[in-house]
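Novice: Next comes the structure file entry18.txt, holding compact mmCIF, C-alpha atoms.
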# COMPACT_ATOMS: atom_id res chain seq x y z
CA MET A 1 39.19 -30.57 57.77
CA HIS A 2 37.56 -27.24 57.09
CA GLY A 3 38.61 -27.26 53.37
CA LYS A 4 37.14 -30.69 52.61
CA LEU A 5 33.48 -31.36 51.98
CA ASN A 6 31.78 -34.58 52.90
CA ILE A 7 30.06 -36.73 50.25
CA PRO A 8 26.42 -35.62 50.79
CA CYS A 9 27.57 -32.01 50.64
CA LYS A 10 29.38 -32.70 47.33
CA ILE A 11 26.27 -34.34 45.89
CA PHE A 12 24.22 -31.37 47.01
CA TRP A 13 26.50 -28.90 45.23
CA ILE A 14 26.69 -31.07 42.11
CA CYS A 15 22.88 -30.98 41.92
CA VAL A 16 22.34 -27.36 42.93
CA LEU A 17 25.18 -25.64 41.01
CA PRO A 18 23.89 -26.57 37.53
CA ILE A 19 20.49 -25.17 38.52
CA PHE A 20 22.09 -21.88 39.53
CA LEU A 21 24.14 -21.78 36.34
CA ALA A 22 21.19 -22.70 34.17
CA GLY A 23 19.25 -19.89 35.77
CA CYS A 24 21.80 -17.42 34.45
CA ILE A 25 21.41 -18.63 30.87
CA SER A 26 18.59 -16.91 29.06
CA ALA A 27 15.96 -19.08 27.50
CA PRO A 28 16.63 -19.71 23.80
CA VAL A 29 14.76 -17.26 21.62
CA GLU A 30 12.18 -19.02 19.56
CA ILE A 31 12.76 -18.02 15.99
CA GLY A 32 9.54 -17.89 14.07
CA ARG A 33 9.05 -17.57 10.34
CA GLN A 34 11.49 -15.33 8.59
CA VAL A 35 10.13 -11.87 7.96
CA THR A 36 10.18 -10.86 4.31
CA ARG A 37 9.34 -7.57 2.70
CA VAL A 38 6.88 -7.77 -0.12
CA ASP A 39 5.64 -5.46 -2.82
CA PRO A 40 2.51 -3.72 -1.46
CA THR A 41 1.08 -3.59 -4.97
CA LYS A 42 1.18 -7.35 -5.43
CA ASP A 43 -0.93 -10.26 -4.18
CA THR A 44 0.74 -12.27 -1.44
CA PRO A 45 0.08 -15.84 -0.25
CA ILE A 46 -1.61 -14.37 2.84
CA THR A 47 -4.55 -12.83 1.10
CA GLY A 48 -8.29 -12.92 1.46
CA VAL A 49 -11.40 -11.82 -0.34
CA GLY A 50 -11.42 -8.43 1.40
CA VAL A 51 -9.57 -5.18 0.82
CA GLU A 52 -5.83 -5.62 0.31
CA SER A 53 -3.00 -3.14 -0.06
CA ASN A 54 -2.90 -3.64 -3.84
CA ASP A 55 -6.61 -2.75 -4.05
CA LEU A 56 -5.99 0.32 -1.96
CA ASN A 57 -3.18 1.44 -4.27
CA ALA A 58 -5.15 0.75 -7.43
CA VAL A 59 -8.30 2.52 -6.20
CA ALA A 60 -6.46 5.59 -4.88
CA ASP A 61 -4.35 5.87 -8.03
CA LYS A 62 -7.36 5.70 -10.34
CA MET A 63 -9.28 8.26 -8.32
CA VAL A 64 -6.42 10.73 -8.16
CA ARG A 65 -5.82 10.56 -11.91
CA SER A 66 -9.51 10.88 -12.64
CA MET A 67 -10.00 13.80 -10.27
CA LEU A 68 -7.24 15.82 -11.94
CA THR A 69 -9.04 15.78 -15.28
CA VAL A 70 -12.10 17.57 -13.84
CA SER A 71 -12.25 21.14 -15.10
CA ALA A 72 -13.19 22.43 -11.64
CA ILE A 73 -9.74 21.32 -10.49
CA ALA A 74 -7.65 21.46 -13.65
CA ARG A 75 -8.83 24.87 -14.88
CA ALA A 76 -9.36 26.62 -11.56
CA LYS A 77 -7.72 30.08 -11.42
CA ASN A 78 -6.49 29.45 -7.88
CA PRO A 79 -5.87 25.96 -6.51
CA PRO A 80 -9.14 24.84 -4.91
CA THR A 81 -9.23 24.02 -1.22
CA VAL A 82 -10.47 20.58 -0.28
CA ALA A 83 -11.49 19.16 3.09
CA LEU A 84 -11.75 15.43 3.68
CA LEU A 85 -14.90 13.79 4.97
CA PRO A 86 -14.70 10.23 6.31
CA VAL A 87 -15.20 7.35 3.88
CA LYS A 88 -18.24 5.24 4.75
CA ASN A 89 -17.53 1.55 5.03
CA LYS A 90 -20.64 -0.46 4.21
CA THR A 91 -18.86 -3.77 3.69
CA ARG A 92 -18.50 -6.66 6.10
CA PHE A 93 -14.76 -5.99 6.45
CA ALA A 94 -13.52 -4.02 9.42
CA ILE A 95 -10.74 -2.09 7.75
CA ASN A 96 -9.29 1.36 8.21
CA GLN A 97 -11.18 3.12 5.41
CA ASP A 98 -9.34 6.41 6.06
CA LEU A 99 -6.38 4.85 4.27
CA PHE A 100 -7.98 5.62 0.90
CA LEU A 101 -8.24 9.36 1.48
CA LYS A 102 -4.84 9.49 3.15
CA LEU A 103 -3.22 7.81 0.16
CA MET A 104 -5.08 10.03 -2.31
CA LYS A 105 -4.13 13.17 -0.42
CA ALA A 106 -0.47 12.14 -0.15
CA GLN A 107 -0.33 11.29 -3.86
CA LEU A 108 -1.86 14.60 -4.86
CA ASN A 109 0.36 16.58 -2.52
CA SER A 110 3.53 14.85 -3.67
CA LYS A 111 2.91 14.25 -7.38
CA ALA A 112 0.59 17.11 -8.33
CA ARG A 113 1.87 19.73 -5.95
CA GLY A 114 -0.01 23.02 -6.05
CA LYS A 115 -3.04 21.70 -7.95
CA ILE A 116 -5.16 21.26 -4.83
CA TYR A 117 -4.78 22.58 -1.29
CA PHE A 118 -6.00 20.25 1.42
CA LEU A 119 -7.28 21.66 4.67
CA ALA A 120 -5.96 20.14 7.88
CA ARG A 121 -9.36 19.96 9.56
CA ASP A 122 -8.22 17.09 11.77
CA GLN A 123 -5.72 19.50 13.37
CA MET A 124 -8.26 22.27 13.96
CA LEU A 125 -7.84 22.42 17.75
CA ALA A 126 -4.07 22.79 17.52
CA ILE A 127 -4.42 25.42 14.79
CA GLN A 128 -6.91 27.46 16.83
CA ARG A 129 -4.66 27.28 19.87
CA GLU A 130 -1.66 28.48 17.84
CA ARG A 131 -3.65 31.34 16.30
CA LYS A 132 -4.76 32.41 19.76
CA LEU A 133 -1.18 32.40 21.09
CA LYS A 134 -0.04 34.50 18.13
CA ARG A 135 -2.80 37.04 18.56
CA GLN A 136 -2.19 37.29 22.31
CA GLY A 137 1.41 38.15 21.53
CA LYS A 138 2.70 34.99 23.20
CA ALA A 139 4.05 33.59 19.93
CA ASP A 140 5.91 35.46 17.22
CA PHE A 141 4.62 35.42 13.65
CA ASP A 142 4.82 37.16 10.28
CA LYS A 143 1.87 39.58 10.32
CA SER A 144 1.76 39.80 6.53
CA LYS A 145 0.65 36.14 6.52
CA SER A 146 -2.13 36.65 9.02
CA ARG A 147 -5.72 35.88 8.06
CA LYS A 148 -8.89 36.80 9.84
CA THR A 149 -10.11 33.25 9.77
CA VAL A 150 -8.86 29.84 8.70
CA ALA A 151 -9.39 28.84 5.08
CA GLY A 152 -12.76 27.46 4.09
CA ALA A 153 -13.23 24.44 1.87
CA ASP A 154 -14.27 24.84 -1.76
CA TYR A 155 -14.94 21.11 -2.00
CA PHE A 156 -15.43 18.09 0.20
CA LEU A 157 -13.71 14.89 -0.86
CA THR A 158 -15.49 11.82 0.38
CA GLY A 159 -16.43 8.33 -0.65
CA SER A 160 -17.97 5.05 0.32
CA MET A 161 -17.33 1.33 0.09
CA ASP A 162 -20.39 -0.80 -0.51
CA GLY A 163 -20.20 -4.57 -0.31
CA LEU A 164 -22.17 -7.55 -1.50
CA SER A 165 -21.25 -10.94 -0.09
CA THR A 166 -22.27 -14.47 -0.94
CA ALA A 167 -21.18 -17.67 0.73
CA GLY A 168 -21.48 -21.28 -0.26
CA ARG A 169 -19.91 -24.68 0.26
CA LYS A 170 -17.10 -23.84 -2.16
CA GLY A 171 -16.17 -20.59 -0.41
CA VAL A 172 -17.18 -16.98 -0.35
CA SER A 173 -17.48 -14.23 -2.89
CA ASP A 174 -17.27 -10.51 -2.17
CA PHE A 175 -18.04 -7.62 -4.44
CA ILE A 176 -16.94 -4.16 -3.33
CA LEU A 177 -17.92 -0.95 -5.07
CA TYR A 178 -15.73 2.03 -4.28
CA THR A 179 -17.14 5.45 -5.11
CA PHE A 180 -15.56 8.81 -4.44
CA GLN A 181 -17.04 12.26 -4.90
CA LEU A 182 -15.97 15.87 -4.88
CA ILE A 183 -18.81 18.01 -3.52
CA ASP A 184 -19.09 21.76 -3.97
CA THR A 185 -19.53 23.15 -0.44
CA GLU A 186 -21.61 26.13 -1.63
CA SER A 187 -23.97 24.52 -4.10
CA SER A 188 -23.82 20.87 -2.91
CA ILE A 189 -23.22 19.87 -6.54
CA GLU A 190 -21.07 16.78 -7.01
CA VAL A 191 -18.55 18.13 -9.50
CA TRP A 192 -16.79 14.79 -9.85
CA GLU A 193 -17.43 11.15 -9.08
CA ASP A 194 -15.67 7.97 -10.10
CA LEU A 195 -15.96 4.32 -9.22
CA TYR A 196 -13.89 1.16 -8.96
CA GLN A 197 -15.30 -2.34 -8.65
CA ILE A 198 -13.54 -5.44 -7.36
CA LYS A 199 -14.99 -8.90 -7.04
CA LYS A 200 -13.06 -11.68 -5.32
CA GLN A 201 -13.87 -15.25 -4.49
CA GLY A 202 -12.08 -17.86 -2.45
CA LEU A 203 -11.82 -19.30 1.00
CA ASP A 204 -12.58 -16.84 3.74
CA ASP A 205 -9.67 -17.74 6.00
CA VAL A 206 -8.09 -14.37 6.59
CA ILE A 207 -8.96 -11.96 9.38
CA TYR A 208 -8.86 -8.24 8.62
CA ARG A 209 -7.86 -5.99 11.49
CA MET B 1 98.51 -25.45 -0.08
CA LEU B 2 97.74 -22.21 -1.71
CA PHE B 3 96.03 -24.05 -4.53
CA ILE B 4 94.04 -26.14 -2.09
CA ASP B 5 93.02 -23.07 -0.14
CA ARG B 6 91.87 -21.35 -3.26
CA THR B 7 89.86 -24.37 -4.36
CA ILE B 8 88.25 -24.61 -0.92
CA SER B 9 87.40 -20.93 -0.89
CA SER B 10 86.04 -21.07 -4.41
CA SER B 11 83.94 -24.12 -3.58
CA GLN B 12 82.68 -22.31 -0.45
CA ASN B 13 81.84 -19.30 -2.59
CA ASN B 14 80.08 -21.54 -5.04
CA ASN B 15 78.17 -23.18 -2.18
CA LEU B 16 77.24 -19.78 -0.77
CA SER B 17 76.09 -18.43 -4.06
CA LEU B 18 74.05 -21.58 -4.69
CA ARG B 19 72.46 -21.27 -1.27
CA THR B 20 71.70 -17.60 -1.72
CA ARG B 21 70.29 -18.31 -5.16
CA PHE B 22 68.11 -21.04 -3.70
CA ILE B 23 66.93 -18.73 -0.93
CA MET B 24 66.36 -15.96 -3.40
CA ARG B 25 64.38 -18.28 -5.60
CA ILE B 26 62.20 -19.31 -2.67
CA PHE B 27 61.65 -15.70 -1.73
CA ARG B 28 60.99 -14.73 -5.31
CA ASN B 29 58.40 -17.49 -5.59
CA ARG B 30 56.86 -16.46 -2.28
CA LEU B 31 56.77 -12.86 -3.39
CA ILE B 32 55.00 -13.84 -6.59
CA VAL B 33 52.52 -15.97 -4.64
CA LEU B 34 51.94 -13.19 -2.10
CA THR B 35 51.50 -10.61 -4.83
CA LEU B 36 48.98 -12.83 -6.61
CA LEU B 37 47.16 -13.60 -3.36
CA SER B 38 46.93 -9.94 -2.40
CA PHE B 39 45.70 -9.16 -5.89
CA PHE B 40 42.96 -11.80 -5.58
CA ILE B 41 42.01 -10.84 -2.04
CA PHE B 42 42.21 -7.07 -2.18
CA GLY B 43 41.44 -6.82 -5.86
CA CYS B 44 37.88 -8.07 -5.08
CA GLU B 45 37.17 -5.23 -2.66
CA GLY B 46 35.05 -2.23 -3.52
CA ALA B 47 32.04 -1.64 -5.71
CA PHE B 48 31.50 -3.30 -9.04
CA ARG B 49 30.64 -1.90 -12.38
CA PRO B 50 27.16 -2.93 -13.55
CA VAL B 51 26.94 -5.30 -16.46
CA HIS B 52 25.89 -3.46 -19.54
CA ILE B 53 23.98 -5.58 -21.98
CA PRO B 54 23.43 -3.98 -25.36
CA ARG B 55 19.82 -3.92 -26.61
CA ALA B 56 18.49 -4.85 -23.14
CA ASP B 57 17.22 -1.33 -22.41
CA VAL B 58 13.86 -2.08 -23.98
CA GLU B 59 11.99 0.01 -21.44
CA ASP B 60 13.98 3.03 -22.48
CA THR B 61 13.07 2.76 -26.12
CA GLU B 62 9.67 1.04 -26.25
CA THR B 63 6.27 2.31 -25.15
CA PHE B 64 4.86 -1.14 -24.39
CA VAL B 65 6.86 -3.86 -22.66
CA LEU B 66 6.17 -7.32 -21.25
CA LEU B 67 8.06 -8.03 -18.04
CA THR B 68 8.20 -11.81 -18.44
CA ARG B 69 8.89 -14.07 -21.41
CA ASN B 70 5.68 -16.10 -20.85
CA LEU B 71 3.58 -13.04 -21.64
CA LYS B 72 4.83 -13.02 -25.22
CA ASN B 73 2.51 -15.92 -25.94
CA GLN B 74 -0.33 -14.55 -23.83
CA VAL B 75 -0.88 -10.88 -24.61
CA THR B 76 -0.19 -8.47 -27.39
CA VAL B 77 -0.77 -4.80 -28.04
CA GLU B 78 -2.71 -4.02 -31.16
CA GLY B 79 -2.64 -0.26 -30.99
CA GLN B 80 -1.44 2.61 -28.88
CA ARG B 81 -1.97 6.32 -28.84
CA ALA B 82 -1.13 9.25 -26.64
CA LYS B 83 -2.44 12.80 -26.57
CA TRP B 84 -2.37 15.93 -24.47
CA THR B 85 -5.58 16.65 -22.64
CA ALA B 86 -7.00 20.14 -22.29
CA GLU B 87 -5.56 20.09 -18.77
CA ASN B 88 -2.04 19.57 -20.20
CA LEU B 89 -1.84 15.99 -18.97
CA LEU B 90 -0.51 13.12 -21.08
CA GLU B 91 -3.28 10.61 -21.79
CA VAL B 92 -2.24 7.17 -22.95
CA GLN B 93 -4.37 4.42 -24.46
CA ALA B 94 -3.43 0.89 -25.46
CA ARG B 95 -5.50 -1.84 -27.07
CA ILE B 96 -4.42 -5.06 -25.39
CA ARG B 97 -5.53 -8.50 -26.60
CA ASN B 98 -5.54 -11.88 -24.91
CA ARG B 99 -3.87 -14.23 -27.41
CA MET B 100 -5.03 -17.36 -25.66
CA GLU B 101 -8.11 -19.56 -25.89
CA GLU B 102 -8.65 -19.28 -22.15
CA PRO B 103 -9.32 -16.46 -19.65
CA LEU B 104 -6.32 -14.41 -18.62
CA GLN B 105 -5.45 -11.94 -15.90
CA VAL B 106 -2.55 -9.54 -16.17
CA GLU B 107 -1.54 -6.36 -14.44
CA VAL B 108 -0.69 -3.16 -16.27
CA GLN B 109 1.23 -0.10 -15.13
CA THR B 110 2.42 3.07 -16.83
CA VAL B 111 5.61 4.95 -16.13
CA PHE B 112 5.45 8.57 -17.20
CA LYS B 113 8.85 9.97 -18.13
CA ASP B 114 10.54 13.17 -19.14
CA LYS B 115 12.19 13.56 -22.54
CA ASP B 116 15.36 11.87 -21.27
CA GLY B 117 13.50 8.77 -20.14
CA PHE B 118 13.51 9.42 -16.40
CA SER B 119 10.33 9.03 -14.39
CA VAL B 120 8.65 12.33 -13.48
CA ASN B 121 7.57 10.98 -10.06
CA ASP B 122 4.56 9.46 -11.74
CA ILE B 123 4.34 5.68 -11.84
CA SER B 124 0.78 4.41 -11.84
CA ALA B 125 -0.48 1.63 -9.60
CA TRP B 126 -0.77 -1.84 -11.15
CA GLN B 127 -4.22 -2.27 -12.59
CA ARG B 128 -5.71 -5.71 -13.05
CA LEU B 129 -7.12 -6.53 -16.47
CA ILE B 130 -9.31 -9.61 -16.69
CA PHE B 131 -9.72 -10.99 -20.22
CA GLU B 132 -12.07 -13.49 -21.76
CA PRO B 133 -10.45 -15.78 -24.37
CA ASN B 134 -9.22 -13.66 -27.29
CA GLU B 135 -10.77 -10.54 -25.82
CA THR B 136 -9.37 -7.09 -26.52
CA LYS B 137 -9.52 -4.38 -23.87
CA ILE B 138 -8.64 -0.73 -23.82
CA TYR B 139 -6.28 0.38 -21.11
CA LYS B 140 -6.48 4.12 -20.56
CA ILE B 141 -4.60 6.32 -18.14
CA ASN B 142 -3.50 9.91 -17.77
CA SER B 143 -0.49 11.42 -16.08
CA ILE B 144 -0.81 13.22 -12.77
CA ASN B 145 1.30 16.22 -13.71
CA SER B 146 2.18 18.09 -16.88
CA LYS B 147 5.87 17.15 -16.78
CA ALA B 148 5.38 13.84 -18.62
CA ARG B 149 6.75 13.73 -22.17
CA ARG B 150 7.17 9.99 -22.75
CA PHE B 151 5.67 6.84 -21.29
CA THR B 152 6.14 3.10 -21.03
CA ILE B 153 3.30 0.68 -20.39
CA ARG B 154 4.46 -2.37 -18.46
CA VAL B 155 2.58 -5.67 -18.31
CA ARG B 156 3.26 -8.28 -15.66
CA GLU B 157 1.87 -11.73 -14.97
CA GLN B 158 -0.63 -12.16 -12.21
CA ASN B 159 0.31 -14.99 -9.89
Would you mind giving the structure from this file in structure tokens?

Specialist:
Amino acid sequence: MHGKLNIPCKIFWICVLPIFLAGCISAPVEIGRQVTRVDPTKDTPITGVGVESNDLNAVADKMVRSMLTVSAIARAKNPPTVALLPVKNKTRFAINQDLFLKLMKAQLNSKARGKIYFLARDQMLAIQRERKLKRQGKADFDKSKSRKTVAGADYFLTGSMDGLSTAGRKGVSDFILYTFQLIDTESSIEVWEDLYQIKKQGLDDVIYR
Amino acid sequence: MLFIDRTISSSQNNNLSLRTRFIMRIFRNRLIVLTLLSFFIFGCEGAFRPVHIPRADVEDTETFVLLTRNLKNQVTVEGQRAKWTAENLLEVQARIRNRMEEPLQVEVQTVFKDKDGFSVNDISAWQRLIFEPNETKIYKINSINSKARRFTIRVREQN
């Protein structure tokens, strides 16, 4: 009689066992929209009137090409040293404006290697710490490469984004003026400046993060 | 009896040879089928040679190309020139005209190449050109480095 179960007990197990088993099965993964890779230089269906990746590419490319024609850069005896100053964003779009300078710097370093030397001012603390360790004899280094101080900047590269927005019943319109300058750090003379203008209109249904 | 025996044995031999022939034929057919199957199955493995289409390498020979057929009726190039700047960079100019009676937007890009037609790590970003009906615009660009010897201007439709 020990091996047999009575009817209420059977019903209990029939009800409870599936719950236990179902608990072991993971919930089905909800598959959202398929992820697709797109050309960053092209407009996509998810686009707004603000700054897009294709604008970023076009602006940076134009600035880099323009900057290399300036005699202060092109005809310099030694490659000039350039430090980056933050780009001012005076538009209504909250975007990462540092992307412009990062893209310009990367393009110049990769495609026009040796024309300009950029100073890693954003890594200054780490550089100072390393120099200190070397001079204290705690880190080995090639003494022929030693310098009394870190390199100074011949030029500052900076820029700004200025916006003009209008809104109506039919949608919104945004004009953005991008300007970039190369400033002589001794004389404060702007040895180069160039601009890029973009105007877009449409429905303002995209959020920029 | 001897005659009968011989006839029986010869008929048995005949039967045997017929059977073996039949079996052989089946095997031969199977072998052919298997050989063909393996050829079809394993013959498809591995990489493939690219299709070479004569006269399709327009980008290699021309300095101005349209990437889609539609553009043939929309834009044209009326003049091109290239020169070396004082900074030893290749500067390219093209006079592009909207052939239509309505506004047009296209995107233009330049690939700077060495003398063999390979890119010298210098492909410009796509630049938007916005045309009024029948308007002509000058597209101007210079290379980033002094390695460029040739160029190709590409035009694509703007969706």

Novice: Counting all atoms listed in the file, which residue out of B:Thr20, B:Asn121, B:Thr35, B:Gln80 sits closest to Val92 in chain B?

Specialist: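 Nearest to Val92 in chain B: B:Gln80.
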
Novice: Out of A:Leu133, A:Ala76, A:Ile46, A:Ala112, which residue has the shortest atom-to-atom distance to chain B when counting all atoms listed in the file?

Specialist: A:Ala112

Novice: Please determine the contact residues of chain A with respect to chain B at a cut-off of 6 Å, counting only C-alpha atoms, and supply them as a count of residues only.

Specialist: 6

Novice: Tell me, in Å to one decimal, how far CA of Asn89 in chain A is from CA of Thr158 in chain A.

Specialist: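 Calculated distance between CA of Asn89 in chain A and CA of Thr158 in chain A is 11.5 Å.
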
Novice: What gap, in Å, lies between CA of Lys88 in chain A and CA of Leu195 in chain A?

Specialist: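 CA of Leu195 in chain A lies at a distance of 14.2 Å from CA of Lys88 in chain A.
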
Novice: Measure the distance from CA of Phe48 in chain B to CA of Arg156 in chain B in Å and round it to one decimal.

Specialist: 29.4 Å
